[in-house]
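Asks: Have a look at this one before I ask anything.
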Amino acid sequence: MAVDMTQKPILVVKDLNVHYDTGKGPAKAVNDVSFSLRPGERLGLIGESGSGKTTMATALMRLTRAPGRIVSGSVELDGQDLLKLSDKDLREVRLRDIALMPQGAMSSLNPVMRLEEQMIDAIVAHVPNLKRPELDARVQQLLKQVGLAPEVARRYPHELSGGMKQRAAMAIATSLSPKVIVADEPTSALDVVVQRQVMQTLGRLQDGLGAAVVLIGHDMGLIAQFADTVGVMYAGKIVEIGPVRQMIEAPKHPYTKLLVESLPGIEVKQALVGIPGLPPPLVNLPAGCSFDPRCPFAFDRCRSETPQLQEVAPSQAAACHLYPGLSELPPLPARAGRELNA
Amino acid sequence: MNKEIVRYIATRFGQLLVVVFVAVSVNFIIPRLLPGDPVQTALARLQTSGGASNVDIQAVSAAYRARYGLDAPIWQQYINYWGDLLTLDLGVSFANFPEKVSTMIGNALPWSVTLLAVATLIAFSVGSLLGARLAWPTAGRGIKSLVPFLMVLTSIPFYLLAIILIYFFAVVLKWFPPAGGVDTTRIMRLDWATTRDILEHAFLPCMAIVLGNVGFWALGMRSQMVNVLGEDYITFAEAKGLHPRRIFVWYGMRNALLAQVTALALSLGSVVSGAVLVEVIFNYPGLGSLLYVAIRGQDYFVIQGVVLMLIVSLAVLLFIVDLLYPLLDPRIRR
Amino acid sequence: MNRFWANLRRNYEQGRISPLLIVGLGILLSVVLFGLIGPFFTDATNAQVGAVRPRRPPGDDYLLGTDSQGRDMWALLIYATPNTLKMGLIAGFIGVGLGTVLGLIAGQFGGWIDAVIRVISDSLLTVPAIAILVIIAGNIDRMSTFVMALVVASLGWMFTARTVRAQVLSIREKAYVEVARVNGEGPLEILFREVMPNIMPYIVASFVGTVSGSILAVIGLEALGLGALEEMTLGNTIYWSQQSSAVLRGYWWWWGPPIVMIALIFIGLFLTSVGFDRFANPRLARR
């Protein structure tokens, strides 16, 4: 999927900070995160649980809920900083310009409303003067686009399967042809076959609209198949970001490399390996690189100084003290893994 | 009407019948479990307490024993009992001999039903709206200070509230009459004067029930709203750019209402109990006062009849609420 | 002992012991103390009929005035409160005890026993309690506070039975019960060692609710004149005041203090139950 990198970015996130107020102090779920997105570009953000990715998704549309709090930074959509808009203006921008595909579509649809009502009220909130027949026609058109049968419109959410609900959410998200779609783990609760169908539908819709997509998840394989650009999040920060092929073939950050290595391959039978250790608690982040305790290449500078993102390859940046010293990562030291029966 | 709805109604109706059956049987068994012949005991007590002295006790007793077959074996009596019930023969009052119990109940029922229906409707609606308002995220401190007040109000049994209300509004302020359903000297006609009289008398009893209940509904709705507002579909509704009020009412309250209606069903029993006592305090001419007078006068069949009526009414009310539920929650419709 | 206080403080800081619980328990404690300690300082004979001059409003000689039958209201209140509380507690214990046993049996053994218990319990739950209680109480010749408690308890077990049964059913599915069963523990052992400790919070919560409902029912019956009329209880006081038209005659010190005392008891129980919910269910702790 070719993205015109010369175009002006449609979404620019700069120095975004989102904290959760816990009893023991603020947990920095999103820590000085910056990235930009061009029209039509597919950005995948990957991270483990606790890496801050879902917090990021809600923050982009200012949907953060207490005890979460957007502390500082800016989210510029087509030049407008969403974080500074009035409530009324923000309501207009939501769905019309930037839309959310929620994580659990199972629970994101109002259980006591028919599907068509939930689709129509979204449209009417932005385009008030449409008559009922026009709205009905639009609903049918949207359902067709996501591959749902016309009669689904009159159904209630509990009458739909998981995949159908996810597609209904997609229909709602694309109903006003937004410029940016934020897909927060849209397939996590679905089985593999349905996952693929949903991702294909998403891709098709996005192409049709020319919209940019921020796809957030933890499934490296899925994201790699879909995205043009991949950003890897760890402990609230983006530790590496770049074009997908480059990142997978030659990852520069140790964490990315470990993630890529942990993907099981179909051709070669090998022991399953994970990344030993756990992500740090976001409340009292240690000074220095957050990945330091688990990094096989850590040295003393890593413990005291936080690395910043720097360009390590064309269009690729990584936050690691190994650069610009190295040109690429050394091979990983041998790790204990469970041997499969050969 | 599709099969599922029919099945649902039939199931609920069946449950109604079971409840009525169990309740009626309990109503039948308990007096007969105690030693002695219930009618004889009642009549004897009547004699010693000096009531209905102008009635020939022996004649009444003999008539009853023959009529109700109290000399027959228990199972026979049970069948007779059911037979009588189905023909709406609830017996005759001792104190007002020979007035039929069913007539007395028929006169009292409309008063009780309207009082209870109106009071519950007001308390439920006002309480739920109040509770929703309390749950509105930007609720000010003024509104929030209502909460402890409501907690206190809801803890006081309504009949005690009734006493307080009578004292302040009927005795001290003299704004409303302290007792009765209607002025005893009035001839009932369908005109404004009669209606106004009835309303004046009904106001305080209604208020007692409403005030005693409203706190419960308000606090319940508030906690339901807090639960509902934490759900994912609220977030998604916000992401759609909907107006906050639309979200609060159609996505929030609409869902919280389901739990409220369930709570209504579960609490109807205690609401009816409380209402009965309120009627007694106000001497309001409903089933409550009828029951009370019958207890005082040991008017056995009236007591049994009224209790039966209360049980059956409640079962019917619950049945109606059960029917209401699928209309509100589409998930139940299957 | 120090560990107990340390635990208590930790629970408080975590928000598990809310101010509601503390205030509620505080109120209840005060009422109980009033009823327990009061009798040592007050002469019981003052609370009998004809003991003192009737119809005196509150003043220097009589703290809460006297009623139209010559009882000293202050003394009456001191002696009536513990009696009412006693009935509530007895009914609470019996109701919760019966309910727990039935709930355990229904949940543990299932089958037709469960069906029978469930049908009876559900039917009785949907009946207006006053109706059945009136019939039972109206047919008892010799009423005493203990008998009142029994009568009320007969309709107070259903909620506990339902809650306990539901909990037993859900706990039975849990892993640690499976482990116990595999380890050879018999059904009774499992009941006492695994299930009971985990339903204790629900039993305690039911207890507070049952006591509250029992006192409500007791007072209701007494207000109708079906109570143990020779005893001094809060409900009987209200009944006597109604019989003498105390409200219409303006003798507010006759029915006022019992109502205040009853209200305090219910408020205390209500706050305790709400506060206890927060204690037992830590997820509610952080508002």
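Residues are named by chain letter and number: chains run A, B, ... in the order of the structure tokens, numbers start at 1 in each chain, and ligands are numbered from 1 in the order shown.
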Residues near Ser30 in chain C, anyone? I mean within 12 Å using only C-alpha atoms, not counting same-chain ones fewer than 3 positions away, as a ChimeraX atom specification.
Replies: /C:23-27,33-38,81-82,261,264-265,268
Asks: Using only C-alpha atoms, which protein or nucleic acid residues come within 10 Å of Ala91 in chain C? Drop anything in the same chain fewer than 6 positions from it, and give the result as a PyMOL selection string.
Replies: chain C and resi 85+97+146-157+207+210-215+218
Asks: Give me a file of those residues, with N, CA and C atoms, as a CSV table (one decimal), in the first residue's frame.
Replies:
chain,number,residue,atom,x,y,z
C,85,LEU,N,-34.9,-4.2,70.5
C,85,LEU,CA,-33.7,-4.7,69.9
C,85,LEU,C,-33.5,-6.2,70.0
C,97,GLY,N,-30.1,-18.1,60.6
C,97,GLY,CA,-29.7,-19.5,60.8
C,97,GLY,C,-30.5,-20.4,60.0
C,146,PHE,N,-40.6,-13.1,72.9
C,146,PHE,CA,-39.9,-14.3,72.2
C,146,PHE,C,-40.7,-14.8,71.1
C,147,VAL,N,-42.0,-15.0,71.4
C,147,VAL,CA,-42.9,-15.6,70.4
C,147,VAL,C,-43.0,-14.6,69.2
C,148,MET,N,-43.1,-13.3,69.5
C,148,MET,CA,-43.1,-12.3,68.4
C,148,MET,C,-41.9,-12.6,67.5
C,149,ALA,N,-40.7,-12.7,68.1
C,149,ALA,CA,-39.5,-12.9,67.3
C,149,ALA,C,-39.6,-14.1,66.4
C,150,LEU,N,-40.2,-15.2,67.0
C,150,LEU,CA,-40.3,-16.4,66.2
C,150,LEU,C,-41.3,-16.2,65.0
C,151,VAL,N,-42.4,-15.6,65.3
C,151,VAL,CA,-43.4,-15.4,64.3
C,151,VAL,C,-42.7,-14.6,63.1
C,152,VAL,N,-42.0,-13.5,63.5
C,152,VAL,CA,-41.4,-12.7,62.4
C,152,VAL,C,-40.3,-13.5,61.7
C,153,ALA,N,-39.6,-14.3,62.4
C,153,ALA,CA,-38.5,-15.0,61.8
C,153,ALA,C,-39.0,-16.0,60.8
C,154,SER,N,-40.3,-16.5,61.0
C,154,SER,CA,-40.8,-17.5,60.1
C,154,SER,C,-40.9,-16.9,58.6
C,155,LEU,N,-40.9,-15.6,58.5
C,155,LEU,CA,-40.9,-15.0,57.1
C,155,LEU,C,-39.6,-14.3,56.8
C,156,GLY,N,-38.6,-14.5,57.7
C,156,GLY,CA,-37.4,-13.7,57.5
C,156,GLY,C,-36.2,-14.5,56.9
C,157,TRP,N,-36.4,-15.8,56.6
C,157,TRP,CA,-35.3,-16.6,56.2
C,157,TRP,C,-35.1,-16.6,54.7
C,207,PHE,N,-27.6,-10.8,57.7
C,207,PHE,CA,-28.0,-10.7,59.1
C,207,PHE,C,-28.5,-9.3,59.3
C,210,THR,N,-31.7,-8.8,57.7
C,210,THR,CA,-32.8,-9.6,58.3
C,210,THR,C,-33.2,-8.9,59.6
C,211,VAL,N,-32.2,-8.4,60.4
C,211,VAL,CA,-32.6,-7.8,61.7
C,211,VAL,C,-33.4,-6.5,61.4
C,212,SER,N,-33.0,-5.8,60.3
C,212,SER,CA,-33.7,-4.6,60.0
C,212,SER,C,-35.2,-4.9,59.6
C,213,GLY,N,-35.3,-5.9,58.7
C,213,GLY,CA,-36.7,-6.3,58.3
C,213,GLY,C,-37.5,-6.8,59.4
C,214,SER,N,-36.9,-7.6,60.4
C,214,SER,CA,-37.6,-8.1,61.5
C,214,SER,C,-38.1,-7.0,62.4
C,215,ILE,N,-37.2,-6.1,62.7
C,215,ILE,CA,-37.7,-5.0,63.6
C,215,ILE,C,-38.8,-4.2,62.9
C,218,VAL,N,-41.9,-6.4,63.4
C,218,VAL,CA,-42.3,-6.4,64.8
C,218,VAL,C,-43.1,-5.1,65.1
Asks: Which of range 163-294 of chain A counts as strand (DSSP E) under DSSP, as a ChimeraX atom specification please?
Replies: /A:180-184,212-217,229-234,237-243
Asks: Residues near Val214 in chain B, anyone? I mean within 7 Å using only C-alpha atoms, not counting same-chain ones fewer than 6 positions away, as an MDAnalysis selection string.
Replies: chainID B and resid 123:124 127
Asks: Keeping only C-alpha atoms, write the selected residues to a file as a compact mmCIF listing (two decimals), in the first residue's frame.
Replies:
# COMPACT_ATOMS: atom_id res chain seq x y z
CA ALA B 123 -42.48 7.78 44.29
CA PHE B 124 -40.96 5.66 41.53
CA GLY B 127 -37.29 8.96 42.85
Asks: Pro26 in chain A: which residues within 12 Å, counting only C-alpha atoms, same-chain residues fewer than 4 positions away excluded, as a ChimeraX atom specification?
Replies: /A:17-22,30-31,67-71,281-285
Asks: Pull out every residue of chain A sitting within 7 Å of chain B, counting only C-alpha atoms, and send them as a PDB file with N, CA and C atoms, in the first residue's frame.
Replies:
ATOM      1  N   ARG A  91     -17.267  17.510  19.856  1.00  0.00           N
ATOM      2  CA  ARG A  91     -18.344  16.583  19.488  1.00  0.00           C
ATOM      3  C   ARG A  91     -18.539  16.552  17.985  1.00  0.00           C
ATOM      4  N   GLU A  92     -18.376  17.719  17.340  1.00  0.00           N
ATOM      5  CA  GLU A  92     -18.556  17.736  15.880  1.00  0.00           C
ATOM      6  C   GLU A  92     -17.437  16.980  15.188  1.00  0.00           C
ATOM      7  N   ARG A  94     -15.571  14.566  16.376  1.00  0.00           N
ATOM      8  CA  ARG A  94     -15.638  13.121  16.598  1.00  0.00           C
ATOM      9  C   ARG A  94     -16.574  12.490  15.579  1.00  0.00           C
ATOM     10  N   LEU A  95     -16.240  11.384  15.084  1.00  0.00           N
ATOM     11  CA  LEU A  95     -16.982  10.610  14.091  1.00  0.00           C
ATOM     12  C   LEU A  95     -16.892  11.246  12.711  1.00  0.00           C
ATOM     13  N   ALA A  99     -12.686   8.818  13.850  1.00  0.00           N
ATOM     14  CA  ALA A  99     -13.666   7.863  14.378  1.00  0.00           C
ATOM     15  C   ALA A  99     -12.980   6.740  15.132  1.00  0.00           C
ATOM     16  N   LEU A 100     -13.709   6.167  16.099  1.00  0.00           N
ATOM     17  CA  LEU A 100     -13.156   5.105  16.923  1.00  0.00           C
ATOM     18  C   LEU A 100     -13.764   3.766  16.541  1.00  0.00           C
ATOM     19  N   PRO A 102     -14.018   0.511  18.472  1.00  0.00           N
ATOM     20  CA  PRO A 102     -13.711   0.176  19.868  1.00  0.00           C
ATOM     21  C   PRO A 102     -13.168  -1.225  20.045  1.00  0.00           C
ATOM     22  N   SER A 107     -19.425  -5.036  23.880  1.00  0.00           N
ATOM     23  CA  SER A 107     -20.063  -4.228  24.908  1.00  0.00           C
ATOM     24  C   SER A 107     -20.141  -2.767  24.519  1.00  0.00           C
ATOM     25  N   SER A 108     -19.785  -2.447  23.267  1.00  0.00           N
ATOM     26  CA  SER A 108     -19.807  -1.046  22.881  1.00  0.00           C
ATOM     27  C   SER A 108     -21.104  -0.617  22.217  1.00  0.00           C
ATOM     28  N   LEU A 109     -21.989  -1.564  22.002  1.00  0.00           N
ATOM     29  CA  LEU A 109     -23.265  -1.205  21.403  1.00  0.00           C
ATOM     30  C   LEU A 109     -24.328  -1.176  22.482  1.00  0.00           C
ATOM     31  N   ASN A 110     -25.195  -0.198  22.428  1.00  0.00           N
ATOM     32  CA  ASN A 110     -26.251  -0.035  23.429  1.00  0.00           C
ATOM     33  C   ASN A 110     -27.208  -1.230  23.362  1.00  0.00           C
ATOM     34  N   VAL A 112     -30.093  -1.880  24.470  1.00  0.00           N
ATOM     35  CA  VAL A 112     -31.542  -1.728  24.368  1.00  0.00           C
ATOM     36  C   VAL A 112     -31.967  -0.944  23.134  1.00  0.00           C
ATOM     37  N   ALA A 122     -26.045   8.592  15.327  1.00  0.00           N
ATOM     38  CA  ALA A 122     -24.694   9.096  15.112  1.00  0.00           C
ATOM     39  C   ALA A 122     -24.659  10.060  13.927  1.00  0.00           C
ATOM     40  N   ALA A 125     -26.543  13.370  14.615  1.00  0.00           N
ATOM     41  CA  ALA A 125     -25.849  14.298  15.514  1.00  0.00           C
ATOM     42  C   ALA A 125     -24.951  15.245  14.731  1.00  0.00           C
ATOM     43  N   HIS A 158     -27.654  -8.014  20.934  1.00  0.00           N
ATOM     44  CA  HIS A 158     -27.460  -9.359  21.466  1.00  0.00           C
ATOM     45  C   HIS A 158     -27.827 -10.429  20.440  1.00  0.00           C
TER      46      HIS A 158
END
Asks: Please report, as CSV, each residue of chain C lying at most 6 Å from chain B, together with the nearest pair of atoms and the separation in Å rounded to one decimal; use only C-alpha atoms, and order rows by chain and ascending residue number.
Replies:
residue,atom,partner,partner_atom,distance
C:Ser123,CA,B:Val19,CA,5.0
C:Val127,CA,B:Ile311,CA,5.6
C:Pro128,CA,B:Gly269,CA,4.4
C:Ile130,CA,B:Ser273,CA,5.3
C:Ala131,CA,B:Val307,CA,5.1
C:Val247,CA,B:Tyr167,CA,5.9
C:Ala263,CA,B:Ile156,CA,5.2
C:Phe266,CA,B:Ser155,CA,5.3
C:Ile267,CA,B:Ser155,CA,5.3
Asks: Write a file of the just-selected residues containing C-alpha atoms, as a PDB file, in the first residue's frame.
Replies:
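Output file result02.pdb follows:
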ATOM      1  CA  SER C 123     -43.611 -17.897  46.809  1.00  0.00           C
ATOM      2  CA  VAL C 127     -46.350 -12.335  49.536  1.00  0.00           C
ATOM      3  CA  PRO C 128     -46.950  -9.194  51.565  1.00  0.00           C
ATOM      4  CA  ILE C 130     -47.927  -8.268  56.923  1.00  0.00           C
ATOM      5  CA  ALA C 131     -50.689 -10.463  55.613  1.00  0.00           C
ATOM      6  CA  VAL C 247     -51.429  12.645  67.810  1.00  0.00           C
ATOM      7  CA  ALA C 263     -35.454   5.936  63.136  1.00  0.00           C
ATOM      8  CA  PHE C 266     -32.978   1.885  61.130  1.00  0.00           C
ATOM      9  CA  ILE C 267     -30.564   4.553  60.025  1.00  0.00           C
TER      10      ILE C 267
END
Asks: Considering only C-alpha atoms, can you say which of C:Leu76, C:Ala129, C:Ala161, C:Leu124 comes closest to Val52 in chain C?
Replies: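 Ranked by minimum distance to Val52 in chain C, first place goes to C:Leu76.
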Asks: Looking only at the backbone, which of the residues in range 92-234 of chain C does DSSP tag as alpha helix (DSSP H), as a ChimeraX atom specification?
Replies: /C:92-109,111-125,129-138,145-153,158-172,175-182,187-190,196-223,234
Asks: Those same residues - C-alpha atoms - I'd like them written as a compact mmCIF listing (two decimals), in the first residue's frame.
Replies:
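Saved file again-v8.txt follows:
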# COMPACT_ATOMS: atom_id res chain seq x y z
CA GLY C 92 -32.32 -12.11 62.98
CA PHE C 93 -30.42 -15.06 64.37
CA ILE C 94 -33.24 -17.51 63.79
CA GLY C 95 -34.01 -16.17 60.34
CA VAL C 96 -30.41 -16.14 59.20
CA GLY C 97 -29.71 -19.50 60.83
CA LEU C 98 -32.66 -21.13 59.19
CA GLY C 99 -31.94 -19.41 55.91
CA THR C 100 -28.30 -20.45 55.91
CA VAL C 101 -29.09 -24.07 56.64
CA LEU C 102 -31.77 -24.22 53.96
CA GLY C 103 -29.60 -22.37 51.47
CA LEU C 104 -26.66 -24.68 52.10
CA ILE C 105 -28.82 -27.76 51.69
CA ALA C 106 -30.47 -26.48 48.56
CA GLY C 107 -27.18 -25.45 47.00
CA GLN C 108 -25.16 -28.45 48.02
CA PHE C 109 -27.59 -31.24 47.37
CA GLY C 111 -32.31 -32.01 42.94
CA TRP C 112 -35.83 -32.07 44.25
CA ILE C 113 -34.84 -30.75 47.69
CA ASP C 114 -33.52 -27.67 45.98
CA ALA C 115 -36.68 -27.35 43.89
CA VAL C 116 -38.95 -27.60 46.90
CA ILE C 117 -37.00 -25.10 48.96
CA ARG C 118 -36.80 -22.72 46.06
CA VAL C 119 -40.50 -22.81 45.25
CA ILE C 120 -41.53 -22.24 48.85
CA SER C 121 -38.99 -19.49 49.34
CA ASP C 122 -39.90 -17.66 46.13
CA SER C 123 -43.61 -17.90 46.81
CA LEU C 124 -43.24 -16.53 50.30
CA LEU C 125 -41.03 -13.74 49.06
CA ALA C 129 -45.45 -10.17 54.88
CA ILE C 130 -47.93 -8.27 56.92
CA ALA C 131 -50.69 -10.46 55.61
CA ILE C 132 -49.29 -13.76 56.82
CA LEU C 133 -47.91 -12.35 60.03
CA VAL C 134 -51.27 -10.85 60.90
CA ILE C 135 -52.94 -14.21 60.59
CA ILE C 136 -50.34 -16.00 62.65
CA ALA C 137 -50.14 -13.33 65.31
CA GLY C 138 -53.89 -12.91 65.44
CA THR C 145 -41.48 -10.93 72.90
CA PHE C 146 -39.87 -14.25 72.20
CA VAL C 147 -42.93 -15.58 70.39
CA MET C 148 -43.09 -12.35 68.38
CA ALA C 149 -39.52 -12.91 67.32
CA LEU C 150 -40.33 -16.44 66.24
CA VAL C 151 -43.37 -15.36 64.27
CA VAL C 152 -41.42 -12.70 62.42
CA ALA C 153 -38.48 -15.03 61.82
CA MET C 158 -36.05 -16.44 52.51
CA PHE C 159 -33.65 -13.74 51.49
CA THR C 160 -30.75 -15.37 53.33
CA ALA C 161 -31.64 -18.77 51.90
CA ARG C 162 -31.63 -17.36 48.38
CA THR C 163 -28.34 -15.54 48.79
CA VAL C 164 -26.60 -18.47 50.44
CA ARG C 165 -27.86 -20.88 47.83
CA ALA C 166 -26.61 -18.70 44.99
CA GLN C 167 -23.22 -18.39 46.63
CA VAL C 168 -22.94 -22.10 47.28
CA LEU C 169 -23.70 -22.82 43.66
CA SER C 170 -21.06 -20.43 42.42
CA ILE C 171 -18.43 -21.59 44.90
CA ARG C 172 -18.94 -25.21 44.05
CA ALA C 175 -11.19 -24.73 41.54
CA TYR C 176 -10.34 -25.07 45.18
CA VAL C 177 -13.49 -27.04 45.84
CA GLU C 178 -12.60 -29.42 43.05
CA VAL C 179 -9.22 -29.86 44.63
CA ALA C 180 -10.79 -30.61 47.99
CA ARG C 181 -13.11 -33.13 46.44
CA VAL C 182 -10.27 -34.86 44.65
CA PRO C 187 -19.50 -33.26 51.22
CA LEU C 188 -19.99 -32.14 54.81
CA GLU C 189 -16.31 -31.43 55.21
CA ILE C 190 -16.30 -29.42 52.03
CA MET C 196 -18.72 -21.66 54.76
CA PRO C 197 -15.74 -19.36 55.24
CA ASN C 198 -16.35 -17.87 51.83
CA ILE C 199 -19.98 -17.12 52.35
CA MET C 200 -19.48 -15.52 55.76
CA PRO C 201 -19.55 -11.97 54.34
CA TYR C 202 -22.88 -12.69 52.68
CA ILE C 203 -24.26 -14.17 55.86
CA VAL C 204 -23.25 -11.14 57.84
CA ALA C 205 -24.77 -8.83 55.23
CA SER C 206 -27.99 -10.87 55.31
CA PHE C 207 -27.98 -10.69 59.07
CA VAL C 208 -28.04 -6.91 59.10
CA GLY C 209 -30.81 -6.90 56.51
CA THR C 210 -32.81 -9.55 58.33
CA VAL C 211 -32.58 -7.75 61.66
CA SER C 212 -33.75 -4.59 59.97
CA GLY C 213 -36.69 -6.29 58.29
CA SER C 214 -37.58 -8.13 61.48
CA ILE C 215 -37.69 -4.98 63.57
CA LEU C 216 -39.81 -3.38 60.87
CA ALA C 217 -42.25 -6.29 60.96
CA VAL C 218 -42.32 -6.41 64.76
CA ILE C 219 -43.08 -2.72 65.04
CA GLY C 220 -45.72 -3.03 62.35
CA LEU C 221 -47.48 -5.86 64.16
CA GLU C 222 -47.25 -4.05 67.48
CA ALA C 223 -48.67 -0.89 65.94
CA LEU C 234 -41.21 0.69 71.11
Asks: Leaving out Trp74 in chain C and any residue of its chain fewer than 4 positions from it, which residues lie within 9 Å of it when counting only C-alpha atoms, given as number ranges by chain?
Replies: C: 42, 46-47, 62-66, 78-79, 257
Asks: Considering only C-alpha atoms, return as a list in words whatever protein or nucleic-acid residues lie within 12 Å of Arg12 in chain B, sequence-local ones (same chain, fewer than 3 positions apart) excluded.
Replies: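 Skipping anything fewer than 3 positions along the chain leaves Ile5, Val6, Arg7, Tyr8, Ile9, Gln15, Leu16, Leu17, Val18, Val19, Ala315, Val316, Leu317, Leu318, Phe319, Ile320, Val321, Asp322, Leu323, Leu324, Tyr325 and Pro326 of chain B.
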Asks: Residues as selected, N, CA and C atoms, written as a PDB file, in the first residue's frame, can you do that?
Replies:
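Written out: result_33.pdb:
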ATOM      1  N   ILE B   5     -43.181 -15.261  23.089  1.00  0.00           N
ATOM      2  CA  ILE B   5     -43.907 -14.360  23.980  1.00  0.00           C
ATOM      3  C   ILE B   5     -45.009 -15.118  24.690  1.00  0.00           C
ATOM      4  N   VAL B   6     -45.714 -15.960  23.940  1.00  0.00           N
ATOM      5  CA  VAL B   6     -46.789 -16.730  24.557  1.00  0.00           C
ATOM      6  C   VAL B   6     -46.226 -17.594  25.672  1.00  0.00           C
ATOM      7  N   ARG B   7     -45.063 -18.222  25.380  1.00  0.00           N
ATOM      8  CA  ARG B   7     -44.474 -19.105  26.392  1.00  0.00           C
ATOM      9  C   ARG B   7     -44.092 -18.322  27.642  1.00  0.00           C
ATOM     10  N   TYR B   8     -43.542 -17.113  27.421  1.00  0.00           N
ATOM     11  CA  TYR B   8     -43.132 -16.285  28.550  1.00  0.00           C
ATOM     12  C   TYR B   8     -44.325 -15.925  29.418  1.00  0.00           C
ATOM     13  N   ILE B   9     -45.392 -15.454  28.756  1.00  0.00           N
ATOM     14  CA  ILE B   9     -46.586 -15.069  29.516  1.00  0.00           C
ATOM     15  C   ILE B   9     -47.137 -16.272  30.266  1.00  0.00           C
ATOM     16  N   GLN B  15     -46.533 -19.153  37.308  1.00  0.00           N
ATOM     17  CA  GLN B  15     -45.929 -18.807  38.594  1.00  0.00           C
ATOM     18  C   GLN B  15     -46.929 -18.078  39.475  1.00  0.00           C
ATOM     19  N   LEU B  16     -47.714 -17.200  38.838  1.00  0.00           N
ATOM     20  CA  LEU B  16     -48.753 -16.493  39.584  1.00  0.00           C
ATOM     21  C   LEU B  16     -49.686 -17.484  40.257  1.00  0.00           C
ATOM     22  N   LEU B  17     -50.117 -18.479  39.506  1.00  0.00           N
ATOM     23  CA  LEU B  17     -51.040 -19.462  40.061  1.00  0.00           C
ATOM     24  C   LEU B  17     -50.395 -20.232  41.210  1.00  0.00           C
ATOM     25  N   VAL B  18     -49.132 -20.590  41.047  1.00  0.00           N
ATOM     26  CA  VAL B  18     -48.453 -21.337  42.113  1.00  0.00           C
ATOM     27  C   VAL B  18     -48.409 -20.516  43.394  1.00  0.00           C
ATOM     28  N   VAL B  19     -48.044 -19.248  43.237  1.00  0.00           N
ATOM     29  CA  VAL B  19     -47.958 -18.382  44.416  1.00  0.00           C
ATOM     30  C   VAL B  19     -49.312 -18.284  45.101  1.00  0.00           C
ATOM     31  N   ALA B 315     -49.719 -10.668  43.989  1.00  0.00           N
ATOM     32  CA  ALA B 315     -49.296 -11.601  42.954  1.00  0.00           C
ATOM     33  C   ALA B 315     -49.662 -11.071  41.573  1.00  0.00           C
ATOM     34  N   VAL B 316     -50.840 -10.464  41.461  1.00  0.00           N
ATOM     35  CA  VAL B 316     -51.252  -9.911  40.176  1.00  0.00           C
ATOM     36  C   VAL B 316     -50.364  -8.734  39.778  1.00  0.00           C
ATOM     37  N   LEU B 317     -50.067  -7.878  40.752  1.00  0.00           N
ATOM     38  CA  LEU B 317     -49.184  -6.736  40.478  1.00  0.00           C
ATOM     39  C   LEU B 317     -47.835  -7.206  39.966  1.00  0.00           C
ATOM     40  N   LEU B 318     -47.287  -8.228  40.620  1.00  0.00           N
ATOM     41  CA  LEU B 318     -45.996  -8.747  40.196  1.00  0.00           C
ATOM     42  C   LEU B 318     -46.077  -9.318  38.788  1.00  0.00           C
ATOM     43  N   PHE B 319     -47.185  -9.962  38.506  1.00  0.00           N
ATOM     44  CA  PHE B 319     -47.384 -10.515  37.173  1.00  0.00           C
ATOM     45  C   PHE B 319     -47.351  -9.396  36.146  1.00  0.00           C
ATOM     46  N   ILE B 320     -48.017  -8.285  36.456  1.00  0.00           N
ATOM     47  CA  ILE B 320     -48.038  -7.154  35.523  1.00  0.00           C
ATOM     48  C   ILE B 320     -46.639  -6.596  35.315  1.00  0.00           C
ATOM     49  N   VAL B 321     -45.906  -6.459  36.414  1.00  0.00           N
ATOM     50  CA  VAL B 321     -44.537  -5.954  36.272  1.00  0.00           C
ATOM     51  C   VAL B 321     -43.697  -6.915  35.437  1.00  0.00           C
ATOM     52  N   ASP B 322     -43.887  -8.203  35.655  1.00  0.00           N
ATOM     53  CA  ASP B 322     -43.174  -9.193  34.860  1.00  0.00           C
ATOM     54  C   ASP B 322     -43.481  -9.059  33.383  1.00  0.00           C
ATOM     55  N   LEU B 323     -44.706  -8.711  33.077  1.00  0.00           N
ATOM     56  CA  LEU B 323     -45.064  -8.537  31.676  1.00  0.00           C
ATOM     57  C   LEU B 323     -44.422  -7.281  31.111  1.00  0.00           C
ATOM     58  N   LEU B 324     -44.238  -6.312  31.992  1.00  0.00           N
ATOM     59  CA  LEU B 324     -43.646  -5.041  31.570  1.00  0.00           C
ATOM     60  C   LEU B 324     -42.198  -5.233  31.169  1.00  0.00           C
ATOM     61  N   TYR B 325     -41.539  -6.162  31.825  1.00  0.00           N
ATOM     62  CA  TYR B 325     -40.099  -6.285  31.692  1.00  0.00           C
ATOM     63  C   TYR B 325     -39.612  -6.534  30.267  1.00  0.00           C
ATOM     64  N   PRO B 326     -40.214  -7.467  29.536  1.00  0.00           N
ATOM     65  CA  PRO B 326     -39.736  -7.689  28.168  1.00  0.00           C
ATOM     66  C   PRO B 326     -39.923  -6.459  27.286  1.00  0.00           C
TER      67      PRO B 326
END
